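Next up, data.tsv (TSV, C-alpha atoms and all ligand atoms):
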```tsv
chain	number	residue	atom	x	y	z
A	1	MET	CA	-10.46	-4.06	-19.65
A	2	LEU	CA	-8.11	-1.60	-17.95
A	3	GLU	CA	-7.97	2.16	-18.35
A	4	LEU	CA	-4.19	2.40	-18.12
A	5	GLY	CA	-4.49	6.16	-18.52
A	6	ASP	CA	-6.23	6.27	-15.13
A	7	LEU	CA	-3.38	4.36	-13.58
A	8	GLU	CA	-0.72	6.61	-15.10
A	9	HIS	CA	-2.59	9.81	-14.47
A	10	ASN	CA	-4.19	9.21	-11.07
A	11	GLY	CA	-2.03	6.39	-9.77
A	12	VAL	CA	-5.16	4.31	-9.22
A	13	ALA	CA	-7.43	2.39	-11.59
A	14	ILE	CA	-10.73	0.80	-10.58
A	15	ILE	CA	-12.00	-1.97	-12.83
A	16	ASP	CA	-15.48	-3.46	-12.66
A	17	ASN	CA	-16.64	-6.89	-13.79
A	18	VAL	CA	-13.57	-8.76	-12.63
A	19	CYS	CA	-15.29	-11.93	-11.52
A	20	SER	CA	-12.64	-14.55	-10.83
A	21	ARG	CA	-9.11	-15.20	-9.67
A	22	ALA	CA	-8.14	-16.05	-13.29
A	23	GLU	CA	-9.48	-12.70	-14.52
A	24	LEU	CA	-7.59	-10.89	-11.78
A	25	ILE	CA	-4.35	-12.63	-12.81
A	26	GLU	CA	-5.02	-11.77	-16.46
A	27	LEU	CA	-5.54	-8.13	-15.48
A	28	ALA	CA	-2.33	-8.11	-13.45
A	29	LYS	CA	-0.31	-9.61	-16.31
A	30	SER	CA	-1.64	-6.93	-18.68
A	31	ILE	CA	0.01	-4.30	-16.47
A	32	GLY	CA	3.34	-5.81	-15.49
A	33	LYS	CA	5.36	-8.73	-14.25
A	34	ILE	CA	4.03	-10.50	-11.20
A	35	ARG	CA	6.49	-10.46	-8.33
A	36	THR	CA	6.28	-13.32	-5.93
A	37	HIS	CA	5.98	-12.40	-2.28
A	38	PRO	CA	8.72	-13.78	-0.01
A	39	ASN	CA	6.08	-16.19	1.29
A	40	GLY	CA	6.11	-17.83	-2.19
A	41	GLU	CA	2.64	-16.72	-3.30
A	42	ASP	CA	1.79	-14.92	-6.58
A	43	VAL	CA	-1.77	-14.31	-5.49
A	44	PHE	CA	-2.25	-13.87	-1.80
A	45	THR	CA	-5.64	-14.10	-0.11
A	46	LEU	CA	-5.94	-11.61	2.73
A	47	LYS	CA	-8.52	-12.76	5.22
A	48	SER	CA	-9.75	-10.43	7.91
A	49	SER	CA	-8.98	-11.85	11.30
A	50	ASP	CA	-8.56	-10.83	14.88
A	51	GLY	CA	-4.84	-11.35	14.30
A	52	ARG	CA	-4.19	-13.96	16.97
A	53	ASN	CA	-3.02	-16.48	14.37
A	54	SER	CA	-1.31	-13.96	12.05
A	55	LEU	CA	2.45	-13.66	11.64
A	56	PRO	CA	4.02	-11.48	14.34
A	57	GLY	CA	4.43	-7.87	13.21
A	58	THR	CA	1.90	-8.06	10.36
A	59	LEU	CA	-0.90	-5.51	10.23
A	60	SER	CA	-3.47	-8.20	11.04
A	61	ASN	CA	-1.43	-9.31	14.03
A	62	ILE	CA	-1.16	-5.78	15.42
A	63	TYR	CA	-4.49	-4.22	14.42
A	64	GLY	CA	-6.79	-7.25	14.05
A	65	LEU	CA	-10.16	-6.08	12.75
A	66	SER	CA	-9.50	-2.39	13.53
A	67	ALA	CA	-8.55	0.13	10.85
A	68	PHE	CA	-5.03	-0.19	9.46
A	69	PRO	CA	-2.74	2.86	9.29
A	70	PHE	CA	-1.76	4.28	5.89
A	71	HIS	CA	1.23	2.48	4.44
A	72	THR	CA	3.19	1.33	1.40
A	73	ASP	CA	3.01	-2.40	0.71
A	74	THR	CA	6.33	-4.29	0.76
A	75	ALA	CA	8.15	-1.27	2.24
A	76	PHE	CA	10.76	-3.76	3.47
A	77	TRP	CA	11.81	-4.70	-0.08
A	78	GLY	CA	14.86	-2.95	-1.59
A	79	ILE	CA	12.47	-1.37	-4.10
A	80	PRO	CA	8.83	-1.84	-3.08
A	81	ALA	CA	6.32	-3.42	-5.47
A	82	ARG	CA	5.37	-0.84	-8.10
A	83	TYR	CA	1.73	-1.82	-8.41
A	84	VAL	CA	-0.62	-3.59	-6.05
A	85	VAL	CA	-3.57	-5.32	-7.69
A	86	MET	CA	-6.48	-6.12	-5.38
A	87	GLY	CA	-9.67	-7.93	-6.20
A	88	MET	CA	-12.82	-8.75	-4.29
A	89	PHE	CA	-15.72	-10.63	-5.79
A	90	ARG	CA	-18.11	-10.44	-2.85
A	91	LYS	CA	-19.42	-7.22	-1.37
A	92	SER	CA	-17.82	-5.71	1.70
A	93	GLN	CA	-18.74	-2.79	3.95
A	94	CYS	CA	-15.06	-2.29	4.67
A	95	THR	CA	-13.38	0.24	2.38
A	96	THR	CA	-9.81	0.47	1.10
A	97	ASN	CA	-8.67	4.07	1.52
A	98	TYR	CA	-5.83	5.90	-0.16
A	99	ILE	CA	-3.94	9.16	-0.21
A	100	SER	CA	-1.82	10.19	-3.18
A	101	LEU	CA	1.59	11.79	-3.05
A	102	SER	CA	0.21	14.74	-4.98
A	103	ASP	CA	-2.35	15.28	-2.20
A	104	ILE	CA	0.46	15.04	0.34
A	105	ALA	CA	2.58	17.50	-1.69
A	106	GLY	CA	-0.17	20.09	-1.24
A	107	ALA	CA	-0.11	19.73	2.54
A	108	VAL	CA	3.62	19.79	3.37
A	109	SER	CA	6.44	22.34	3.48
A	110	ARG	CA	8.63	23.09	0.48
A	111	ASP	CA	11.61	21.29	1.97
A	112	PHE	CA	9.61	18.12	2.66
A	113	TYR	CA	11.35	16.13	-0.08
A	114	ALA	CA	14.75	17.47	0.94
A	115	LYS	CA	14.02	16.14	4.44
A	116	ALA	CA	12.91	12.84	2.92
A	117	GLU	CA	16.17	12.48	1.00
A	118	GLN	CA	18.20	13.02	4.16
A	119	SER	CA	16.03	10.70	6.24
A	120	ILE	CA	17.18	7.34	7.51
A	121	TYR	CA	14.72	4.77	8.81
A	122	LEU	CA	15.23	1.51	10.62
A	123	VAL	CA	13.06	-1.21	9.05
A	124	GLU	CA	12.28	-4.10	11.36
A	125	THR	CA	10.41	-7.22	10.32
A	126	PHE	CA	10.36	-10.69	11.78
A	127	GLU	CA	13.02	-11.57	9.18
A	128	GLY	CA	15.54	-9.00	10.37
A	129	CYS	CA	16.31	-5.29	10.37
A	130	LYS	CA	18.09	-2.80	8.10
A	131	TYR	CA	18.41	0.92	7.46
A	132	THR	CA	16.67	2.49	4.49
A	133	SER	CA	15.63	5.74	2.88
A	134	PRO	CA	11.94	6.63	2.55
A	135	VAL	CA	12.62	7.73	-1.05
A	136	PHE	CA	13.97	5.71	-3.96
A	137	SER	CA	13.96	5.83	-7.73
A	138	ARG	CA	14.23	3.45	-10.63
A	139	ASN	CA	14.30	4.34	-14.34
A	140	ARG	CA	13.82	8.00	-13.39
A	141	VAL	CA	10.54	7.26	-11.60
A	142	TRP	CA	10.76	8.02	-7.92
A	143	GLY	CA	8.62	6.83	-5.08
A	144	ILE	CA	8.12	6.93	-1.35
A	145	ARG	CA	8.01	4.07	1.11
A	146	PHE	CA	6.24	4.51	4.40
A	147	ASP	CA	5.01	1.89	6.78
A	148	PRO	CA	4.84	3.12	10.37
A	149	ASN	CA	4.29	-0.45	11.48
A	150	ILE	CA	7.81	-1.57	10.52
A	151	MET	CA	9.70	1.71	9.88
A	152	LYS	CA	11.04	3.85	12.71
A	153	PRO	CA	12.81	7.20	12.16
A	154	ALA	CA	16.53	6.75	12.84
A	155	ASN	CA	17.86	10.31	12.45
A	156	GLY	CA	16.68	13.86	13.06
A	157	HIS	CA	15.63	14.46	9.45
A	158	ALA	CA	13.51	11.31	9.53
A	159	LYS	CA	11.82	12.41	12.78
A	160	LYS	CA	10.85	15.72	11.17
A	161	PHE	CA	9.80	14.06	7.91
A	162	HIS	CA	7.77	11.47	9.81
A	163	GLY	CA	5.94	14.07	11.90
A	164	GLU	CA	5.20	16.22	8.89
A	165	LEU	CA	3.91	13.29	6.85
A	166	LEU	CA	1.62	12.10	9.67
A	167	ALA	CA	0.27	15.64	10.13
A	168	ALA	CA	-0.34	15.97	6.36
A	169	MET	CA	-2.16	12.63	6.25
A	170	GLY	CA	-4.33	13.69	9.18
A	171	ALA	CA	-5.32	16.85	7.27
A	172	ILE	CA	-6.15	15.09	3.97
A	173	GLN	CA	-9.52	13.48	3.33
A	174	PRO	CA	-8.63	10.03	1.93
A	175	LYS	CA	-10.32	8.67	-1.17
A	176	LYS	CA	-12.23	5.40	-0.72
A	177	VAL	CA	-12.72	2.24	-2.72
A	178	HIS	CA	-16.15	0.76	-2.04
A	179	TRP	CA	-16.10	-2.96	-2.63
A	180	ASP	CA	-19.46	-3.60	-4.19
A	181	GLY	CA	-18.69	-6.91	-5.86
A	182	ASP	CA	-16.63	-8.22	-8.82
A	183	LYS	CA	-14.23	-5.34	-8.61
A	184	ALA	CA	-10.47	-4.89	-8.96
A	185	VAL	CA	-8.28	-1.97	-8.00
A	186	VAL	CA	-4.74	-1.25	-9.12
A	187	PHE	CA	-2.66	1.12	-6.99
A	188	ASP	CA	0.62	2.69	-7.93
A	189	ASN	CA	2.28	1.67	-4.66
A	190	TRP	CA	5.09	4.22	-5.15
A	191	LYS	CA	2.67	7.14	-5.47
A	192	ASN	CA	-0.04	6.27	-2.95
A	193	LEU	CA	-0.37	5.23	0.65
A	194	HIS	CA	-3.32	3.00	1.43
A	195	SER	CA	-5.20	1.66	4.42
A	196	ARG	CA	-8.23	-0.39	5.32
A	197	SER	CA	-11.21	0.70	7.41
A	198	ALA	CA	-12.34	-1.41	10.38
A	199	VAL	CA	-14.03	-4.73	9.60
A	200	ASN	CA	-17.43	-5.24	11.19
A	201	ASN	CA	-19.24	-8.55	11.37
A	202	GLU	CA	-18.08	-9.97	8.06
A	203	ARG	CA	-15.54	-12.43	6.77
A	204	ARG	CA	-13.63	-10.32	4.30
A	205	GLU	CA	-11.42	-11.94	1.71
A	206	ILE	CA	-9.42	-9.87	-0.72
A	207	LEU	CA	-6.97	-11.14	-3.33
A	208	ARG	CA	-3.70	-9.30	-3.80
A	209	ILE	CA	-0.99	-9.45	-6.46
A	210	TYR	CA	2.29	-7.50	-6.50
A	211	LEU	CA	3.82	-6.21	-9.73
A	212	GLU	CA	7.43	-5.22	-10.43
A	213	GLY	CA	8.51	-1.64	-11.06
B	301	FE	FE	-1.44	-2.89	2.33
```

Please express the file's structure as structure tokens.
Amino acid sequence: MLELGDLEHNGVAIIDNVCSRAELIELAKSIGKIRTHPNGEDVFTLKSSDGRNSLPGTLSNIYGLSAFPFHTDTAFWGIPARYVVMGMFRKSQCTTNYISLSDIAGAVSRDFYAKAEQSIYLVETFEGCKYTSPVFSRNRVWGIRFDPNIMKPANGHAKKFHGELLAAMGAIQPKKVHWDGDKAVVFDNWKNLHSRSAVNNERREILRIYLEG
């Protein structure tokens, strides 16, 4: 069902003919171990909304139906979720967009990663705040975390890194996932930043599962 080569090589795999929540869970389990979100859910249903009833500080609360900025999911975890599995069975005009680290690498200075390693960010969520690095590694695989919604640069290196990353993302044409029904997408959340386009006149529901690194 899954072209794992695509996931390893491109950091993204798109799978057609995923028609149910059970099939999405089966797909997720074929890739890795499901990690429960702090809200207790294995499979979370993201519903587009104007944000008035969303948790404070969440993307829906801040941006409502407008486009979301590019981000890493679960950037506030010690090590963010390795893979994000998303599924949508109905059609939607609203795309999921993504930019890979290899695209970013082509648009930044040579000392970009040196700046990243010296960067300190303050992460603030409604649960609390802590300092963190935008780079991390586990089992010799490294990744980047970036969520401008909850991460603020806390030293000079981070300010430079932040500005350079935003400029690079502005210069890169993102790739798009078109949700045309019964489709699943798996992102390597350590190697891609993703976003959502604006939602127009539709009730969009997308299922999401997080997988361990
Ligand atoms: Fe996200």

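Atom CA of A:Arg110 is positioned 20.2 Å from atom CA of A:Pro153.
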
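Across the structure, atom CA of A:Thr95 and atom CA of A:Asn192 are spaced 15.6 Å apart.
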
Task: Nearest-residue call for ligand FE 301 (chain B), choices A:Asp50, A:Asp180, A:Asp188, A:Glu212, using all atoms listed in the file - done: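 The shortest atom-to-atom distance to ligand FE 301 (chain B) comes from A:Asp188.
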
Task: One-decimal distance in Å that lies between atom CA of A:Pro134 and atom CA of A:Ile206 - done: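 That distance, rounded to one decimal, is 27.2 Å.
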
Stretch 141-151 of chain A environment, 9 Å, only C-alpha atoms, sequence neighbours closer than 4 positions dropped, as a CSV table (one decimal) with C-alpha atoms, in the coordinates of the input:
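Ended up saving to selection.csv:
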```
chain,number,residue,atom,x,y,z
A,57,GLY,CA,4.4,-7.9,13.2
A,58,THR,CA,1.9,-8.1,10.4
A,59,LEU,CA,-0.9,-5.5,10.2
A,62,ILE,CA,-1.2,-5.8,15.4
A,69,PRO,CA,-2.7,2.9,9.3
A,70,PHE,CA,-1.8,4.3,5.9
A,71,HIS,CA,1.2,2.5,4.4
A,72,THR,CA,3.2,1.3,1.4
A,73,ASP,CA,3.0,-2.4,0.7
A,74,THR,CA,6.3,-4.3,0.8
A,75,ALA,CA,8.2,-1.3,2.2
A,76,PHE,CA,10.8,-3.8,3.5
A,79,ILE,CA,12.5,-1.4,-4.1
A,80,PRO,CA,8.8,-1.8,-3.1
A,82,ARG,CA,5.4,-0.8,-8.1
A,101,LEU,CA,1.6,11.8,-3.0
A,116,ALA,CA,12.9,12.8,2.9
A,121,TYR,CA,14.7,4.8,8.8
A,122,LEU,CA,15.2,1.5,10.6
A,123,VAL,CA,13.1,-1.2,9.0
A,124,GLU,CA,12.3,-4.1,11.4
A,125,THR,CA,10.4,-7.2,10.3
A,132,THR,CA,16.7,2.5,4.5
A,133,SER,CA,15.6,5.7,2.9
A,134,PRO,CA,11.9,6.6,2.6
A,135,VAL,CA,12.6,7.7,-1.0
A,136,PHE,CA,14.0,5.7,-4.0
A,137,SER,CA,14.0,5.8,-7.7
A,162,HIS,CA,7.8,11.5,9.8
A,189,ASN,CA,2.3,1.7,-4.7
A,190,TRP,CA,5.1,4.2,-5.2
A,191,LYS,CA,2.7,7.1,-5.5
A,192,ASN,CA,0.0,6.3,-3.0
A,193,LEU,CA,-0.4,5.2,0.6
```

TODO: Identify, on the basis of only C-alpha atoms, every residue whose closest approach to A:Leu24 does not exceed 12 Å; exclude the query and any residue fewer than 4 positions from it along the same chain; express the result as a VMD selection string.
DONE: chain A and resid 1 to 2 15 to 20 28 to 31 34 42 to 44 84 to 89 182 to 186 206 to 210

Task: Best match for closeness to ligand FE 301 (chain B) among A:Ala67, A:Lys160, A:Pro38, A:Ala114, counting all atoms listed in the file - done: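 Answer, going by the shortest atom-to-atom distance: A:Ala67.
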
Open item on the list: So, with all atoms listed in the file as the atoms that count, which of A:Ile25, A:Ala167, A:Val12, A:Ala154 lies closest to A:Ser100?
Closed with: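 Looking at the shortest contact to A:Ser100, the residue is A:Val12.
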
Open item on the list: For a quick check of understanding, using only C-alpha atoms, which of A:Leu55, A:Leu211, A:Val177, A:Leu7 has the smallest distance to A:Glu127?
Closed with: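 Comparing A:Leu55, A:Leu211, A:Val177, A:Leu7 against A:Glu127, the winner is A:Leu55.
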
Complete the atom set of stretch 178-199 of chain A to N, CA and C atoms and return it as a PDB file, in the frame of the given file.
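Result file follows (result.pdb):
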```pdb
ATOM      1  N   HIS A 178     -15.027   1.515  -2.594  1.00  0.00           N
ATOM      2  CA  HIS A 178     -16.150   0.760  -2.040  1.00  0.00           C
ATOM      3  C   HIS A 178     -16.214  -0.572  -2.776  1.00  0.00           C
ATOM      4  N   TRP A 179     -16.112  -1.626  -2.019  1.00  0.00           N
ATOM      5  CA  TRP A 179     -16.100  -2.960  -2.630  1.00  0.00           C
ATOM      6  C   TRP A 179     -17.538  -3.439  -2.778  1.00  0.00           C
ATOM      7  N   ASP A 180     -18.057  -3.253  -3.981  1.00  0.00           N
ATOM      8  CA  ASP A 180     -19.460  -3.600  -4.190  1.00  0.00           C
ATOM      9  C   ASP A 180     -19.635  -4.825  -5.087  1.00  0.00           C
ATOM     10  N   GLY A 181     -18.576  -5.627  -5.172  1.00  0.00           N
ATOM     11  CA  GLY A 181     -18.690  -6.910  -5.860  1.00  0.00           C
ATOM     12  C   GLY A 181     -18.013  -6.916  -7.221  1.00  0.00           C
ATOM     13  N   ASP A 182     -17.296  -8.028  -7.513  1.00  0.00           N
ATOM     14  CA  ASP A 182     -16.630  -8.220  -8.820  1.00  0.00           C
ATOM     15  C   ASP A 182     -15.826  -7.002  -9.250  1.00  0.00           C
ATOM     16  N   LYS A 183     -14.982  -6.569  -8.360  1.00  0.00           N
ATOM     17  CA  LYS A 183     -14.230  -5.340  -8.610  1.00  0.00           C
ATOM     18  C   LYS A 183     -12.741  -5.582  -8.383  1.00  0.00           C
ATOM     19  N   ALA A 184     -11.927  -4.873  -9.178  1.00  0.00           N
ATOM     20  CA  ALA A 184     -10.470  -4.890  -8.960  1.00  0.00           C
ATOM     21  C   ALA A 184      -9.980  -3.456  -8.874  1.00  0.00           C
ATOM     22  N   VAL A 185      -8.909  -3.282  -8.129  1.00  0.00           N
ATOM     23  CA  VAL A 185      -8.280  -1.970  -8.000  1.00  0.00           C
ATOM     24  C   VAL A 185      -6.781  -2.153  -8.183  1.00  0.00           C
ATOM     25  N   VAL A 186      -6.190  -1.253  -8.949  1.00  0.00           N
ATOM     26  CA  VAL A 186      -4.740  -1.250  -9.120  1.00  0.00           C
ATOM     27  C   VAL A 186      -4.219   0.061  -8.546  1.00  0.00           C
ATOM     28  N   PHE A 187      -3.292  -0.056  -7.589  1.00  0.00           N
ATOM     29  CA  PHE A 187      -2.660   1.120  -6.990  1.00  0.00           C
ATOM     30  C   PHE A 187      -1.230   1.220  -7.488  1.00  0.00           C
ATOM     31  N   ASP A 188      -0.803   2.427  -7.795  1.00  0.00           N
ATOM     32  CA  ASP A 188       0.620   2.690  -7.930  1.00  0.00           C
ATOM     33  C   ASP A 188       1.149   2.806  -6.494  1.00  0.00           C
ATOM     34  N   ASN A 189       1.846   1.782  -6.066  1.00  0.00           N
ATOM     35  CA  ASN A 189       2.280   1.670  -4.660  1.00  0.00           C
ATOM     36  C   ASN A 189       3.436   2.625  -4.341  1.00  0.00           C
ATOM     37  N   TRP A 190       4.022   3.245  -5.375  1.00  0.00           N
ATOM     38  CA  TRP A 190       5.090   4.220  -5.150  1.00  0.00           C
ATOM     39  C   TRP A 190       4.510   5.618  -4.974  1.00  0.00           C
ATOM     40  N   LYS A 191       3.265   5.796  -5.420  1.00  0.00           N
ATOM     41  CA  LYS A 191       2.670   7.140  -5.470  1.00  0.00           C
ATOM     42  C   LYS A 191       1.449   7.294  -4.582  1.00  0.00           C
ATOM     43  N   ASN A 192       1.114   6.220  -3.851  1.00  0.00           N
ATOM     44  CA  ASN A 192      -0.040   6.270  -2.950  1.00  0.00           C
ATOM     45  C   ASN A 192       0.273   5.536  -1.663  1.00  0.00           C
ATOM     46  N   LEU A 193      -0.338   6.013  -0.596  1.00  0.00           N
ATOM     47  CA  LEU A 193      -0.370   5.230   0.650  1.00  0.00           C
ATOM     48  C   LEU A 193      -1.794   4.742   0.810  1.00  0.00           C
ATOM     49  N   HIS A 194      -1.959   3.524   1.304  1.00  0.00           N
ATOM     50  CA  HIS A 194      -3.320   3.000   1.430  1.00  0.00           C
ATOM     51  C   HIS A 194      -3.556   2.428   2.820  1.00  0.00           C
ATOM     52  N   SER A 195      -4.826   2.227   3.119  1.00  0.00           N
ATOM     53  CA  SER A 195      -5.200   1.660   4.420  1.00  0.00           C
ATOM     54  C   SER A 195      -6.509   0.901   4.255  1.00  0.00           C
ATOM     55  N   ARG A 196      -6.951   0.333   5.324  1.00  0.00           N
ATOM     56  CA  ARG A 196      -8.230  -0.390   5.320  1.00  0.00           C
ATOM     57  C   ARG A 196      -9.051   0.106   6.500  1.00  0.00           C
ATOM     58  N   SER A 197     -10.358   0.310   6.283  1.00  0.00           N
ATOM     59  CA  SER A 197     -11.210   0.700   7.410  1.00  0.00           C
ATOM     60  C   SER A 197     -11.438  -0.527   8.309  1.00  0.00           C
ATOM     61  N   ALA A 198     -12.076  -0.297   9.450  1.00  0.00           N
ATOM     62  CA  ALA A 198     -12.340  -1.410  10.380  1.00  0.00           C
ATOM     63  C   ALA A 198     -13.289  -2.411   9.735  1.00  0.00           C
ATOM     64  N   VAL A 199     -13.161  -3.660  10.117  1.00  0.00           N
ATOM     65  CA  VAL A 199     -14.030  -4.730   9.600  1.00  0.00           C
ATOM     66  C   VAL A 199     -15.082  -5.041  10.658  1.00  0.00           C
TER      67      VAL A 199
END
```
